[in-house]
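Undergrad: My structure is stored as structure15.txt, with compact mmCIF, C-alpha atoms and all ligand atoms.
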```txt
# COMPACT_ATOMS: atom_id res chain seq x y z
CA MET G 126 -84.49 -53.56 -142.30
CA THR G 127 -83.40 -49.97 -141.86
CA PRO G 128 -80.95 -49.54 -139.02
CA LYS G 129 -82.77 -48.62 -135.85
CA THR G 130 -80.92 -45.32 -135.67
CA SER G 131 -82.83 -44.20 -138.75
CA GLU G 132 -86.19 -45.37 -137.37
CA ARG G 133 -86.28 -43.14 -134.33
CA GLN G 134 -89.59 -41.62 -135.35
CA PHE G 135 -91.24 -45.03 -134.75
CA ASN G 136 -89.26 -46.64 -132.09
CA TYR G 137 -89.71 -45.45 -128.56
CA PRO G 138 -93.04 -46.53 -127.12
CA LYS G 139 -93.51 -45.11 -123.63
CA GLU G 140 -94.97 -48.47 -122.64
CA PRO G 141 -94.44 -51.57 -124.78
CA GLU G 142 -97.91 -52.38 -126.05
CA VAL G 143 -99.32 -55.88 -125.66
CA VAL G 144 -101.79 -56.70 -128.44
CA THR G 145 -104.10 -59.71 -128.36
CA PHE G 146 -107.42 -60.82 -129.82
CA GLU G 147 -109.75 -63.76 -129.26
CA THR G 148 -111.01 -66.06 -132.01
CA PRO G 149 -113.05 -69.29 -132.01
CA PHE G 150 -109.72 -71.02 -132.70
CA GLY G 151 -107.69 -69.62 -129.84
CA LYS G 152 -106.18 -66.42 -128.51
CA PHE G 153 -103.79 -64.54 -130.75
CA GLY G 154 -101.01 -62.07 -130.03
CA ILE G 155 -98.93 -59.88 -132.31
CA PHE G 156 -95.41 -58.55 -132.26
CA THR G 157 -92.78 -57.87 -134.88
CA CYS G 158 -89.09 -58.26 -135.71
CA PHE G 159 -86.57 -57.68 -132.94
CA ASP G 160 -89.31 -57.94 -130.26
CA ILE G 161 -88.86 -61.71 -130.45
CA LEU G 162 -85.53 -61.42 -128.63
CA PHE G 163 -86.94 -59.62 -125.58
CA TYR G 164 -89.14 -60.28 -122.58
CA GLU G 165 -91.54 -57.47 -123.40
CA PRO G 166 -93.78 -57.88 -125.28
CA ALA G 167 -92.95 -61.37 -126.61
CA VAL G 168 -92.70 -63.45 -123.44
CA VAL G 169 -95.41 -61.40 -121.69
CA LEU G 170 -97.87 -62.33 -124.44
CA VAL G 171 -97.26 -66.01 -123.83
CA ASN G 172 -96.83 -66.19 -120.05
CA LYS G 173 -99.17 -63.48 -118.85
CA MET G 174 -101.69 -63.08 -121.67
CA GLN G 175 -101.65 -66.83 -122.42
CA VAL G 176 -101.90 -66.55 -126.20
CA ASP G 177 -102.06 -69.75 -128.25
CA THR G 178 -100.73 -68.35 -131.49
CA VAL G 179 -98.39 -65.47 -132.29
CA LEU G 180 -98.66 -63.54 -135.53
CA PHE G 181 -95.19 -62.40 -136.44
CA PRO G 182 -94.78 -60.17 -139.49
CA THR G 183 -91.10 -59.31 -139.92
CA ALA G 184 -88.34 -58.03 -142.15
CA TRP G 185 -85.69 -60.42 -140.84
CA MET G 186 -82.18 -60.39 -142.21
CA ASN G 187 -80.73 -63.87 -141.90
CA LEU G 188 -77.60 -64.43 -139.88
CA LEU G 189 -76.01 -67.84 -139.49
CA PRO G 190 -75.31 -69.80 -137.38
CA PHE G 191 -78.10 -68.97 -134.87
CA LEU G 192 -80.29 -66.17 -136.18
CA THR G 193 -81.57 -67.30 -139.54
CA ALA G 194 -85.31 -66.63 -139.70
CA ILE G 195 -86.69 -70.16 -140.08
CA GLU G 196 -84.23 -71.47 -137.51
CA PHE G 197 -84.77 -68.96 -134.73
CA HIS G 198 -88.51 -68.43 -135.21
CA SER G 199 -89.23 -72.18 -135.15
CA ALA G 200 -87.01 -72.54 -132.08
CA TRP G 201 -88.92 -69.78 -130.30
CA ALA G 202 -92.24 -71.57 -130.97
CA MET G 203 -90.80 -74.75 -129.50
CA GLY G 204 -89.18 -73.04 -126.50
CA MET G 205 -92.30 -71.00 -125.67
CA ARG G 206 -94.70 -73.83 -126.58
CA VAL G 207 -96.96 -71.71 -128.77
CA ASN G 208 -97.80 -71.57 -132.46
CA VAL G 209 -95.91 -68.91 -134.42
CA LEU G 210 -97.03 -67.72 -137.85
CA ALA G 211 -93.96 -65.93 -139.19
CA ALA G 212 -94.29 -63.92 -142.40
CA ASN G 213 -90.90 -62.60 -143.48
CA THR G 214 -90.16 -60.12 -146.22
CA HIS G 215 -88.75 -61.95 -149.24
CA ASN G 216 -85.84 -60.09 -150.81
CA THR G 217 -82.77 -62.20 -151.45
CA SER G 218 -80.49 -59.23 -152.23
CA ILE G 219 -80.68 -58.24 -148.57
CA GLU G 220 -80.82 -61.83 -147.30
CA MET G 221 -84.39 -61.68 -146.16
CA THR G 222 -86.17 -64.96 -146.71
CA GLY G 223 -87.79 -67.58 -144.53
CA SER G 224 -91.40 -67.75 -143.43
CA GLY G 225 -93.12 -70.52 -141.57
CA ILE G 226 -96.00 -72.02 -139.66
CA TYR G 227 -94.40 -73.31 -136.49
CA ALA G 228 -95.97 -75.51 -133.81
CA PRO G 229 -94.36 -76.35 -130.45
CA ALA G 230 -93.34 -79.79 -131.70
CA GLY G 231 -91.73 -78.41 -134.87
CA ALA G 232 -92.31 -76.63 -138.17
CA ARG G 233 -95.56 -77.58 -139.94
CA ALA G 234 -94.68 -75.70 -143.13
CA TYR G 235 -91.88 -73.35 -144.04
CA SER G 236 -90.21 -71.71 -146.97
CA TYR G 237 -86.58 -70.67 -147.40
CA ASN G 238 -85.64 -69.53 -150.87
CA MET G 239 -82.46 -67.66 -151.75
CA LYS G 240 -82.72 -68.58 -155.45
CA THR G 241 -85.71 -66.61 -156.74
CA GLU G 242 -87.82 -63.63 -155.74
CA ASP G 243 -91.04 -65.65 -156.01
CA GLY G 244 -93.48 -65.53 -153.15
CA HIS G 245 -94.82 -68.65 -151.50
CA LEU G 246 -98.15 -69.36 -149.81
CA LEU G 247 -97.89 -71.60 -146.75
CA ILE G 248 -100.84 -73.63 -145.48
CA ALA G 249 -100.87 -75.98 -142.50
CA GLU G 250 -103.16 -77.26 -139.77
CA LEU G 251 -102.43 -76.30 -136.19
CA ASP G 252 -103.84 -77.06 -132.75
CA ALA G 253 -106.01 -74.15 -131.63
CA HIS G 254 -104.75 -74.54 -128.05
CA PRO G 255 -101.28 -76.05 -128.33
CA ARG G 256 -100.58 -76.20 -124.59
CA LEU G 257 -103.72 -78.28 -124.02
CA SER G 258 -102.96 -80.62 -126.89
CA PRO G 259 -101.57 -84.08 -126.15
CA ALA G 260 -99.43 -83.71 -129.29
CA SER G 261 -97.51 -80.82 -127.73
CA PRO G 262 -94.27 -81.50 -125.92
CA PRO G 263 -94.32 -81.20 -122.12
CA ALA G 264 -92.61 -78.41 -120.18
CA VAL G 265 -88.84 -78.79 -119.92
CA SER G 266 -86.49 -78.39 -117.00
CA TRP G 267 -83.60 -77.12 -119.04
CA ASN G 268 -80.69 -77.86 -116.72
CA SER G 269 -81.83 -81.10 -115.02
CA TYR G 270 -79.75 -83.51 -117.01
CA ALA G 271 -76.69 -81.28 -117.28
CA LEU G 272 -76.59 -80.62 -113.53
CA SER G 273 -76.98 -84.32 -112.76
CA VAL G 274 -73.92 -85.58 -114.64
CA GLU G 275 -70.20 -85.22 -114.09
CA LYS G 276 -68.32 -83.22 -116.67
CA PHE G 277 -67.37 -85.41 -119.58
CA SER G 278 -63.70 -85.57 -120.49
CA GLN G 279 -62.39 -82.04 -120.54
CA ASN G 280 -60.41 -81.13 -123.54
CA ASP G 281 -57.07 -79.36 -123.19
CA HIS G 282 -57.42 -77.75 -126.55
CA GLU G 283 -60.04 -75.12 -125.88
CA PHE G 284 -59.97 -72.06 -128.09
CA THR G 285 -61.97 -68.90 -128.58
CA GLY G 286 -64.08 -68.02 -131.60
CA ILE G 287 -66.28 -65.00 -132.19
CA ILE G 288 -69.93 -65.32 -133.26
CA PHE G 289 -71.78 -62.03 -133.90
CA GLY G 290 -69.34 -60.32 -131.54
CA ASP G 291 -69.64 -62.90 -128.76
CA PRO G 292 -66.50 -64.80 -127.64
CA PHE G 293 -67.36 -68.52 -127.52
CA THR G 294 -65.23 -71.21 -125.89
CA PHE G 295 -64.86 -74.09 -128.36
CA VAL G 296 -63.52 -77.64 -128.39
CA GLU G 297 -63.12 -79.69 -131.54
CA LEU G 298 -64.92 -82.99 -132.14
CA THR G 299 -61.76 -84.85 -133.09
CA LYS G 300 -63.26 -88.37 -133.00
CA PRO G 301 -66.16 -89.99 -134.88
CA GLY G 302 -68.07 -90.23 -131.61
CA GLY G 303 -67.73 -89.51 -127.92
CA ASN G 304 -68.69 -87.33 -125.00
CA LEU G 305 -67.43 -83.77 -124.53
CA THR G 306 -67.95 -80.92 -122.11
CA VAL G 307 -67.07 -77.28 -122.59
CA CYS G 308 -67.70 -74.58 -120.01
CA GLN G 309 -67.77 -70.79 -119.92
CA LYS G 310 -68.54 -68.92 -116.68
CA ASP G 311 -71.52 -70.72 -115.11
CA LEU G 312 -72.57 -72.56 -118.26
CA CYS G 313 -71.27 -76.08 -118.96
CA CYS G 314 -72.41 -77.71 -122.20
CA HIS G 315 -72.40 -81.48 -122.55
CA LEU G 316 -72.45 -83.28 -125.87
CA GLY G 317 -72.73 -86.98 -126.65
CA TYR G 318 -72.48 -87.70 -130.37
CA LYS G 319 -71.78 -90.18 -133.11
CA MET G 320 -71.11 -89.16 -136.69
CA THR G 321 -71.90 -91.57 -139.51
CA GLU G 322 -68.36 -90.90 -140.66
CA LYS G 323 -65.55 -88.58 -139.47
CA ARG G 324 -64.47 -86.71 -142.59
CA ASP G 325 -61.04 -85.15 -142.95
CA ASP G 326 -62.42 -82.14 -144.77
CA GLU G 327 -65.00 -81.06 -142.17
CA VAL G 328 -64.53 -79.80 -138.62
CA TYR G 329 -67.24 -79.60 -135.97
CA VAL G 330 -66.91 -77.93 -132.58
CA LEU G 331 -68.83 -77.82 -129.32
CA GLY G 332 -69.14 -74.26 -128.02
CA ALA G 333 -70.35 -72.38 -124.95
CA PHE G 334 -71.14 -68.71 -124.43
CA ASP G 335 -72.41 -67.14 -121.20
CA GLY G 336 -72.48 -63.37 -121.34
CA LEU G 337 -74.01 -60.10 -122.43
CA HIS G 338 -74.37 -59.73 -126.17
CA VAL G 339 -73.59 -56.11 -127.07
CA ILE G 340 -73.95 -55.68 -130.83
CA GLU G 341 -77.19 -54.20 -132.23
CA GLY G 342 -78.85 -54.24 -128.85
CA GLN G 343 -77.74 -55.55 -125.48
CA TYR G 344 -79.18 -58.82 -124.24
CA TYR G 345 -77.89 -61.65 -122.07
CA LEU G 346 -77.27 -65.03 -123.71
CA GLN G 347 -76.40 -68.54 -122.60
CA ILE G 348 -75.70 -70.72 -125.63
CA CYS G 349 -74.59 -74.33 -126.08
CA THR G 350 -73.86 -75.24 -129.67
CA LEU G 351 -72.58 -77.99 -131.90
CA LEU G 352 -71.62 -76.40 -135.20
CA LYS G 353 -69.72 -76.96 -138.40
CA CYS G 354 -66.75 -74.67 -139.01
CA LEU G 355 -66.44 -72.89 -142.35
CA SER G 356 -63.20 -74.73 -143.11
CA THR G 357 -60.77 -77.05 -141.36
CA ASN G 358 -58.93 -73.94 -140.16
CA LEU G 359 -60.15 -73.59 -136.57
CA SER G 360 -60.08 -69.81 -136.74
CA THR G 361 -63.10 -70.01 -139.08
CA CYS G 362 -65.32 -71.67 -136.45
CA GLY G 363 -68.48 -69.66 -135.94
CA GLN G 364 -68.41 -68.03 -139.37
CA PRO G 365 -71.56 -68.56 -141.45
CA VAL G 366 -71.58 -71.86 -143.35
CA GLU G 367 -74.47 -73.13 -145.47
CA SER G 368 -73.49 -76.62 -146.52
CA ALA G 369 -72.10 -79.74 -144.90
CA GLN G 370 -71.63 -83.43 -145.62
CA THR G 371 -71.54 -85.00 -142.16
CA LYS G 372 -74.65 -86.74 -140.85
CA PHE G 373 -75.02 -87.69 -137.20
CA GLU G 374 -76.26 -91.09 -136.04
CA MET G 375 -76.76 -89.59 -132.63
CA PHE G 376 -76.49 -86.30 -130.77
CA SER G 377 -77.49 -85.27 -127.26
CA LEU G 378 -76.84 -81.66 -126.21
CA SER G 379 -77.54 -80.19 -122.79
CA GLY G 380 -76.37 -77.33 -120.60
CA THR G 381 -76.40 -76.04 -117.03
CA PHE G 382 -78.67 -73.13 -117.92
CA GLY G 383 -79.53 -70.47 -115.36
CA THR G 384 -82.54 -69.44 -117.41
CA SER G 385 -85.71 -71.34 -118.25
CA TYR G 386 -85.97 -69.61 -121.63
CA VAL G 387 -84.08 -71.83 -124.03
CA PHE G 388 -84.79 -72.12 -127.76
CA PRO G 389 -83.73 -75.38 -129.43
CA GLU G 390 -82.35 -75.10 -132.96
CA VAL G 391 -81.42 -77.83 -135.43
CA LEU G 392 -80.33 -76.69 -138.87
CA TYR G 393 -79.34 -78.96 -141.75
CA SER G 394 -77.20 -78.43 -144.83
CA GLY G 395 -78.77 -76.03 -147.32
CA VAL G 396 -80.33 -74.05 -144.43
CA GLN G 397 -83.12 -76.57 -143.91
CA LEU G 398 -85.13 -77.39 -140.80
CA ALA G 399 -85.50 -80.88 -139.40
CA PRO G 400 -89.15 -81.15 -138.32
CA GLY G 401 -89.93 -84.39 -136.52
CA GLU G 402 -86.30 -85.49 -136.45
CA PHE G 403 -85.41 -84.18 -132.99
CA GLU G 404 -86.99 -83.54 -129.61
CA VAL G 405 -86.23 -82.06 -126.22
CA LEU G 406 -86.54 -84.44 -123.28
CA THR G 407 -88.10 -83.08 -120.07
CA ASP G 408 -84.64 -83.15 -118.46
CA GLY G 409 -83.37 -80.63 -121.03
CA ARG G 410 -81.50 -82.86 -123.48
CA LEU G 411 -81.88 -81.96 -127.14
CA ILE G 412 -81.64 -85.29 -128.97
CA ASN G 413 -82.16 -86.68 -132.44
CA ARG G 414 -84.67 -89.46 -133.08
CA ASN G 415 -82.86 -91.28 -135.90
CA THR G 416 -79.79 -90.68 -137.99
CA THR G 417 -80.18 -87.16 -139.36
CA SER G 418 -81.70 -87.25 -142.85
CA LYS G 419 -79.31 -84.50 -143.98
CA PRO G 420 -75.86 -83.31 -142.96
CA VAL G 421 -75.80 -81.00 -139.96
CA LEU G 422 -74.89 -77.30 -139.85
CA THR G 423 -75.75 -76.72 -136.21
CA VAL G 424 -77.52 -78.12 -133.17
CA THR G 425 -77.97 -75.35 -130.62
CA LEU G 426 -79.62 -74.50 -127.33
CA PHE G 427 -80.07 -70.72 -127.52
CA GLY G 428 -80.81 -69.42 -124.02
CA ARG G 429 -82.03 -65.93 -123.17
CA TRP G 430 -81.55 -64.77 -119.59
CA TYR G 431 -83.92 -61.80 -119.51
CA GLU G 432 -83.32 -60.92 -115.85
CA LYS G 433 -79.68 -60.20 -116.67
CA ASP G 434 -80.48 -57.74 -119.45
CA PRO G 435 -79.48 -54.13 -118.82
CA PRO G 436 -82.38 -51.65 -118.63
CA GLN G 437 -83.77 -51.41 -122.17
CA THR G 438 -83.82 -47.67 -122.66
CA ASP G 439 -82.33 -47.60 -126.08
CA TRP G 440 -83.66 -50.61 -127.88
CA ALA G 441 -86.06 -50.17 -130.66
CA SER G 442 -89.33 -51.96 -130.15
CA GLY G 443 -90.46 -53.33 -133.47
CA SER G 444 -87.19 -52.59 -135.21
CA CYS G 445 -85.50 -55.35 -137.13
CA PRO G 446 -81.90 -56.03 -136.28
CA ASN G 447 -79.72 -54.88 -139.12
CA LYS G 448 -77.05 -57.37 -138.38
CA LYS G 449 -75.15 -57.25 -141.61
CA LYS G 450 -74.29 -53.60 -141.08
CA VAL G 451 -72.12 -54.63 -138.18
CA LEU G 452 -70.36 -57.32 -140.11
CA ILE G 453 -69.59 -55.08 -143.05
CA PHE G 454 -68.40 -51.99 -141.17
C1 LIG K 501 -84.85 -55.55 -152.27
O1 LIG K 501 -84.02 -54.73 -151.49
C2 LIG K 501 -83.25 -53.83 -152.26
C3 LIG K 501 -82.26 -53.16 -151.31
O2 LIG K 501 -82.95 -52.52 -150.27
C4 LIG K 501 -84.18 -52.86 -152.95
O3 LIG K 501 -83.44 -51.97 -153.74
C5 LIG K 501 -85.14 -53.65 -153.82
O4 LIG K 501 -86.09 -52.77 -154.39
C6 LIG K 501 -85.85 -54.70 -153.02
N1 LIG K 501 -86.65 -55.55 -153.90
C7 LIG K 501 -87.95 -55.70 -153.76
C8 LIG K 501 -88.61 -56.62 -154.73
O5 LIG K 501 -88.59 -55.15 -152.88
C1 LIG K 502 -70.57 -91.55 -123.79
O1 LIG K 502 -71.41 -91.64 -122.64
C2 LIG K 502 -72.37 -92.67 -122.74
C3 LIG K 502 -73.33 -92.56 -121.56
O2 LIG K 502 -72.90 -91.66 -120.60
C4 LIG K 502 -71.70 -94.02 -122.82
O3 LIG K 502 -72.67 -95.04 -122.93
C5 LIG K 502 -70.80 -94.03 -124.03
O4 LIG K 502 -70.08 -95.24 -124.06
C6 LIG K 502 -69.83 -92.88 -124.02
N1 LIG K 502 -69.14 -92.87 -125.31
C7 LIG K 502 -67.82 -92.75 -125.41
C8 LIG K 502 -67.26 -92.87 -126.78
O5 LIG K 502 -67.11 -92.57 -124.45
C1 LIG K 503 -56.64 -69.60 -140.77
O1 LIG K 503 -57.53 -68.52 -140.97
C2 LIG K 503 -57.04 -67.29 -140.50
C3 LIG K 503 -58.11 -66.21 -140.64
O2 LIG K 503 -59.35 -66.72 -140.98
C4 LIG K 503 -55.79 -66.91 -141.28
O3 LIG K 503 -55.27 -65.70 -140.76
C5 LIG K 503 -54.75 -68.01 -141.14
O4 LIG K 503 -53.66 -67.74 -141.95
C6 LIG K 503 -55.35 -69.35 -141.54
N1 LIG K 503 -54.40 -70.40 -141.25
C7 LIG K 503 -54.09 -71.33 -142.14
C8 LIG K 503 -53.13 -72.38 -141.69
O5 LIG K 503 -54.59 -71.37 -143.24
```
If you took the structure in this file and wrote it as structure tokens, what would it be?

TA:
Amino acid sequence: MTPKTSERQFNYPKEPEVVTFETPFGKFGIFTCFDILFYEPAVVLVNKMQVDTVLFPTAWMNLLPFLTAIEFHSAWAMGMRVNVLAANTHNTSIEMTGSGIYAPAGARAYSYNMKTEDGHLLIAELDAHPRLSPASPPAVSWNSYALSVEKFSQNDHEFTGIIFGDPFTFVELTKPGGNLTVCQKDLCCHLGYKMTEKRDDEVYVLGAFDGLHVIEGQYYLQICTLLKCLSTNLSTCGQPVESAQTKFEMFSLSGTFGTSYVFPEVLYSGVQLAPGEFEVLTDGRLINRNTTSKPVLTVTLFGRWYEKDPPQTDWASGSCPNKKKVLIF
């Protein structure tokens, strides 16, 4: 968790190292922490080295709405279509909690515990070769649906909100159900939705961000998100929020992504995952299967456009992002 500036003695590999090993139950690869956000070594291990399972020891400081450990690590397993065994440090005073056994179709077991310092052993069964398994979801063409439809009704009341330094374009979900589009640069995000009830005391927005993220490392993002605002004051949209009361009968989120690396996130009230309750269709729509069993914090398509990253001369391989430092200073 130490800021990368104080980890210089560890951090600058001349060549990022790709580590794999074979077992009777599939090929394994290893990387740690912040590596998960970058092409090398994380994507290389999956695409080039063809690993089945990633071992991911980490000291991950949670950051809502998109980068809480269980949320992002399970989304990466789904987006990359591999198993991820994520073992996070557990220390609630620095907001590190959240380990899991994640399969491409969803979390098989996970633990998120901000109440005690107790450890937790996770056990689950996984496919040895997830990409060959009929239970694994098929490859996704992330922009097919979004490029095939007209923009839904455009909203005149767009506004900007900042998430982890990134300026998102937002529109409010003013009705109990409907179809909305919000665009930023080349990314248009489409949402169809129906809430079980439109509450007066909760505000949800649809947001789009297409740009270079520049805090604690520089990396290019394309993000479509449905999220709950901290309060009914629209200037709080994007701030971390951990509880909600609104369930959704239906949601369908898609975007005109320029990248094929998109990580689907669904996070419920109480910072809980929703295994088995949602899926990604081959045309790129992230949809729910039934009415959500819990109220929704966020439904997000987190896209990484690696080709648009600046040269990574200064990022710290293996370092964990110390995100809170930025928020406090
Ligand atoms: C948790 O982190 C704090 C702050 O770094 C540290 O002082 C404390 O010793 C840690 N607790 C454990 C159990 O490691
Ligand atoms: C949203 O779009 C879907 C299909 O495109 C349509 O069936 C539905 O009636 C629309 N809902 C609203 C409230 O406009
Ligand atoms: C909304 O929140 C902002 C900052 O979060 C604050 O400056 C503003 O006064 C609030 N507006 C209302 C109407 O409460």

Undergrad: So which one's closest to Val265 (chain G), G:Pro301, G:Gly290, G:Gly332, G:Gly409? Using all atoms listed in the file, please.

TA: G:Gly409

Undergrad: What are the closest atom pairs, with distances in Å to one decimal, for each residue of chain G lying within 6 Å of ligand LIG 502 (chain K), using only C-alpha atoms and all ligand atoms, rows by chain and rising residue number, as JSON lines?

TA:
```
{"residue": "G:Gly302", "atom": "CA", "partner": "K:LIG502", "partner_atom": "C8", "distance": 5.6}
{"residue": "G:Gly303", "atom": "CA", "partner": "K:LIG502", "partner_atom": "C8", "distance": 3.6}
{"residue": "G:Asn304", "atom": "CA", "partner": "K:LIG502", "partner_atom": "C1", "distance": 4.8}
{"residue": "G:Gly317", "atom": "CA", "partner": "K:LIG502", "partner_atom": "C1", "distance": 5.8}
```

Undergrad: When the cut-off is 10 Å and you count only C-alpha atoms and all ligand atoms, which residues lie near ligand LIG 503 (chain K), shown as a CSV table (one decimal) with C-alpha atoms, in the frame of the given file?

TA:
```csv
chain,number,residue,atom,x,y,z
G,355,LEU,CA,-66.4,-72.9,-142.4
G,356,SER,CA,-63.2,-74.7,-143.1
G,357,THR,CA,-60.8,-77.0,-141.4
G,358,ASN,CA,-58.9,-73.9,-140.2
G,359,LEU,CA,-60.2,-73.6,-136.6
G,360,SER,CA,-60.1,-69.8,-136.7
G,361,THR,CA,-63.1,-70.0,-139.1
G,362,CYS,CA,-65.3,-71.7,-136.4
G,364,GLN,CA,-68.4,-68.0,-139.4
```

Undergrad: Compute the set of protein, DNA and RNA residues whose minimum atom distance to ligand LIG 501 (chain K) is at most 9 Å, using all atoms listed in the file, and state it as a tab-separated table (two decimals) with C-alpha atoms, in the frame of the given file.

TA:
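Below is the file that was written, selection_32.tsv:
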```
chain	number	residue	atom	x	y	z
G	126	MET	CA	-84.49	-53.56	-142.30
G	127	THR	CA	-83.40	-49.97	-141.86
G	214	THR	CA	-90.16	-60.12	-146.22
G	215	HIS	CA	-88.75	-61.95	-149.24
G	216	ASN	CA	-85.84	-60.09	-150.81
G	217	THR	CA	-82.77	-62.20	-151.45
G	218	SER	CA	-80.49	-59.23	-152.23
G	219	ILE	CA	-80.68	-58.24	-148.57
G	220	GLU	CA	-80.82	-61.83	-147.30
G	221	MET	CA	-84.39	-61.68	-146.16
G	242	GLU	CA	-87.82	-63.63	-155.74
```

Undergrad: Mind pulling up the distance from CA of Ala202 (chain G) to CA of Gly383 (chain G)?

TA: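 One can read the CA of Gly383 (chain G) to CA of Ala202 (chain G) distance as 20.2 Å.
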
Undergrad: Between G:Asn415, G:Asn172, G:Ser273, G:Thr285, which one has atoms that come closest to Tyr386 (chain G), using all atoms listed in the file?

TA: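 The closest residue to Tyr386 (chain G) is G:Asn172.
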
Undergrad: CA of Val179 (chain G) to CA of Thr145 (chain G): how many Å, to one decimal?

TA: 9.0 Å

Undergrad: Got a sec: who's within 7 Å of Glu322 (chain G), counting all atoms listed in the file, leaving out chain neighbours fewer than 2 positions off, as a VMD selection string?

TA: chain G and resid 301 320 324 371

Undergrad: For Val176 (chain G), please output as a PDB file with C-alpha atoms, in the coordinates of the input all residues within 8 Å (counting all atoms listed in the file; exclusion window: fewer than 6 positions along the same chain).

TA:
```
ATOM      1  CA  THR G 145    -104.100 -59.710-128.360  1.00  0.00           C
ATOM      2  CA  GLY G 151    -107.690 -69.620-129.840  1.00  0.00           C
ATOM      3  CA  LYS G 152    -106.180 -66.420-128.510  1.00  0.00           C
ATOM      4  CA  PHE G 153    -103.790 -64.540-130.750  1.00  0.00           C
ATOM      5  CA  GLY G 154    -101.010 -62.070-130.030  1.00  0.00           C
ATOM      6  CA  LEU G 170     -97.870 -62.330-124.440  1.00  0.00           C
ATOM      7  CA  VAL G 207     -96.960 -71.710-128.770  1.00  0.00           C
TER       8      VAL G 207
END
```

Undergrad: Applying 7 Å and all atoms listed in the file, which residues near region 194-200 of chain G remain after dropping the ones on its own chain fewer than 3 positions away? List them as an MDAnalysis selection string.

TA: chainID G and resid 185 187 191 203:204 223:225 227 231:232 388:390 392 398

Undergrad: Which residues of region 337-433 of chain G sit at most 9 Å from region 233-240 of chain G, using only C-alpha atoms? Give each one's shortest atom pair and distance in Å (one decimal place), in chain and ascending residue order, as JSON lines.

TA:
```
{"residue": "G:Val396", "atom": "CA", "partner": "G:Tyr237", "partner_atom": "CA", "distance": 7.7}
{"residue": "G:Gln397", "atom": "CA", "partner": "G:Tyr237", "partner_atom": "CA", "distance": 7.7}
{"residue": "G:Leu398", "atom": "CA", "partner": "G:Tyr235", "partner_atom": "CA", "distance": 8.5}
{"residue": "G:Pro400", "atom": "CA", "partner": "G:Arg233", "partner_atom": "CA", "distance": 7.5}
```

Undergrad: So the first atom is CA of Gln175 (chain G) and the second is CA of Lys139 (chain G); what is the distance between them in Å, to one decimal place?

TA: 23.2 Å

Undergrad: Given only C-alpha atoms as the basis, pick out the residue of G:Leu426, G:Gly363, G:His338, G:Lys323 nearest to Phe284 (chain G).

TA: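 For Phe284 (chain G), the nearest of the candidates is G:Gly363.
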
Undergrad: What lies within 9 Å of Gly395 (chain G) using only C-alpha atoms, ignoring chain neighbours under 2 positions off, as an NGL selection string?

TA: :G and (367-369 or 392-393 or 397 or 420 or 422)
